[in-house]
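Colleague: Structure provided below as structure tokens; questions to follow.
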Amino acid sequence: MSPLRVRVDTDLCVGHGRCYTLAPEVYDADEYGHCVIPETRVPPEHETQARVGAENCPEDAITVVEE
Ligand code: SF4
């Protein structure tokens, strides 16, 4: 399976926190509660969490790309 990459559009993210609450393995928060992604390349064992976080973002701010 191809590796995944995730990215967050910081213009769209308003800091609901659903991504890092549901998938803290992939997503983290900055001091304002906005999403930051410490490592954009997702290891295979965290692919499900990466997709869950993206699918649950109310702003569609997270993109999951298969490389
Ligand atoms: S769920 Fe979406 S809007 Fe909320 S912090 Fe995560 S990326 Fe930002």
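Residues are named by chain letter and number: chains run A, B, ... in the order of the structure tokens, numbers start at 1 in each chain, and ligands are numbered from 1 in the order shown.
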From the DSSP assignment of the backbone, select every residue of chain A that is alpha helix (DSSP H), and format the answer as a list in words.

Modeller: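 Filtering chain A to alpha helix (DSSP H) leaves Arg18, Cys19, Tyr20, Thr21, Leu22, Glu47, Thr48, Gln49, Ala50, Arg51, Val52, Gly53, Ala54 and Glu55 of chain A.
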
Colleague: Kindly export the residues of the current selection with C-alpha atoms, as a PDB file, in the first residue's frame.

Modeller:
```pdb
ATOM      1  CA  ARG A  18     -11.768  16.963  16.623  1.00  0.00           C
ATOM      2  CA  CYS A  19      -8.763  15.772  14.652  1.00  0.00           C
ATOM      3  CA  TYR A  20      -6.326  15.605  17.547  1.00  0.00           C
ATOM      4  CA  THR A  21      -8.995  14.409  19.968  1.00  0.00           C
ATOM      5  CA  LEU A  22      -9.917  11.472  17.741  1.00  0.00           C
ATOM      6  CA  GLU A  47      -3.410   5.333   8.501  1.00  0.00           C
ATOM      7  CA  THR A  48      -6.849   4.654   9.938  1.00  0.00           C
ATOM      8  CA  GLN A  49      -6.407   7.402  12.521  1.00  0.00           C
ATOM      9  CA  ALA A  50      -5.217   9.810   9.832  1.00  0.00           C
ATOM     10  CA  ARG A  51      -8.372   9.202   7.791  1.00  0.00           C
ATOM     11  CA  VAL A  52     -10.667   9.365  10.822  1.00  0.00           C
ATOM     12  CA  GLY A  53      -9.232  12.734  11.774  1.00  0.00           C
ATOM     13  CA  ALA A  54      -9.645  14.103   8.267  1.00  0.00           C
ATOM     14  CA  GLU A  55     -13.189  12.777   7.841  1.00  0.00           C
TER      15      GLU A  55
END
```

Colleague: So which residues are near ligand 1, meaning at most 12 Å away with only C-alpha atoms and all ligand atoms counted, given back as number ranges by chain?

Modeller: A: 6-24, 26-37, 50-64

Colleague: Write the residues of the selection above to a file with C-alpha atoms, as a PDB file, in the first residue's frame.

Modeller:
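Contents of the output file part06.pdb:
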```pdb
ATOM      1  CA  VAL A   6      -1.565  14.478   5.595  1.00  0.00           C
ATOM      2  CA  ARG A   7      -1.660  18.229   5.536  1.00  0.00           C
ATOM      3  CA  VAL A   8      -3.816  20.862   7.152  1.00  0.00           C
ATOM      4  CA  ASP A   9      -5.001  24.060   5.522  1.00  0.00           C
ATOM      5  CA  THR A  10      -4.331  26.587   8.259  1.00  0.00           C
ATOM      6  CA  ASP A  11      -6.685  29.091   6.591  1.00  0.00           C
ATOM      7  CA  LEU A  12      -9.585  26.658   7.057  1.00  0.00           C
ATOM      8  CA  CYS A  13      -8.722  25.263  10.484  1.00  0.00           C
ATOM      9  CA  VAL A  14     -10.658  27.042  13.214  1.00  0.00           C
ATOM     10  CA  GLY A  15      -9.573  24.836  16.093  1.00  0.00           C
ATOM     11  CA  HIS A  16     -12.503  22.524  16.786  1.00  0.00           C
ATOM     12  CA  GLY A  17      -9.974  19.994  17.973  1.00  0.00           C
ATOM     13  CA  ARG A  18     -11.768  16.963  16.623  1.00  0.00           C
ATOM     14  CA  CYS A  19      -8.763  15.772  14.652  1.00  0.00           C
ATOM     15  CA  TYR A  20      -6.326  15.605  17.547  1.00  0.00           C
ATOM     16  CA  THR A  21      -8.995  14.409  19.968  1.00  0.00           C
ATOM     17  CA  LEU A  22      -9.917  11.472  17.741  1.00  0.00           C
ATOM     18  CA  ALA A  23      -6.455  10.774  16.366  1.00  0.00           C
ATOM     19  CA  PRO A  24      -3.734  12.115  18.641  1.00  0.00           C
ATOM     20  CA  VAL A  26      -1.282  11.889  13.904  1.00  0.00           C
ATOM     21  CA  TYR A  27      -2.608  15.330  14.834  1.00  0.00           C
ATOM     22  CA  ASP A  28      -1.562  17.737  17.524  1.00  0.00           C
ATOM     23  CA  ALA A  29      -2.584  21.219  18.665  1.00  0.00           C
ATOM     24  CA  ASP A  30      -0.750  24.485  18.819  1.00  0.00           C
ATOM     25  CA  GLU A  31      -1.158  26.900  21.721  1.00  0.00           C
ATOM     26  CA  TYR A  32      -4.395  28.249  20.187  1.00  0.00           C
ATOM     27  CA  GLY A  33      -5.962  24.841  19.642  1.00  0.00           C
ATOM     28  CA  HIS A  34      -5.346  24.790  15.933  1.00  0.00           C
ATOM     29  CA  CYS A  35      -4.179  21.632  14.282  1.00  0.00           C
ATOM     30  CA  VAL A  36      -0.520  20.974  13.701  1.00  0.00           C
ATOM     31  CA  ILE A  37       0.873  17.850  12.131  1.00  0.00           C
ATOM     32  CA  ALA A  50      -5.217   9.810   9.832  1.00  0.00           C
ATOM     33  CA  ARG A  51      -8.372   9.202   7.791  1.00  0.00           C
ATOM     34  CA  VAL A  52     -10.667   9.365  10.822  1.00  0.00           C
ATOM     35  CA  GLY A  53      -9.232  12.734  11.774  1.00  0.00           C
ATOM     36  CA  ALA A  54      -9.645  14.103   8.267  1.00  0.00           C
ATOM     37  CA  GLU A  55     -13.189  12.777   7.841  1.00  0.00           C
ATOM     38  CA  ASN A  56     -14.275  14.334  11.121  1.00  0.00           C
ATOM     39  CA  CYS A  57     -12.947  17.818  10.491  1.00  0.00           C
ATOM     40  CA  PRO A  58     -16.045  20.041  10.135  1.00  0.00           C
ATOM     41  CA  GLU A  59     -14.067  22.504   8.008  1.00  0.00           C
ATOM     42  CA  ASP A  60     -12.600  19.947   5.604  1.00  0.00           C
ATOM     43  CA  ALA A  61      -9.249  21.431   6.482  1.00  0.00           C
ATOM     44  CA  ILE A  62      -7.320  18.163   6.367  1.00  0.00           C
ATOM     45  CA  THR A  63      -6.191  16.513   3.178  1.00  0.00           C
ATOM     46  CA  VAL A  64      -5.008  12.929   3.026  1.00  0.00           C
TER      47      VAL A  64
END
```

Colleague: For the structure I just gave you, how does DSSP split chain A - specifically, which residues are strand (DSSP E)? Reply as an NGL selection string.

Modeller: :A and (4-8 or 28-29 or 35-36 or 41-42 or 62-66)
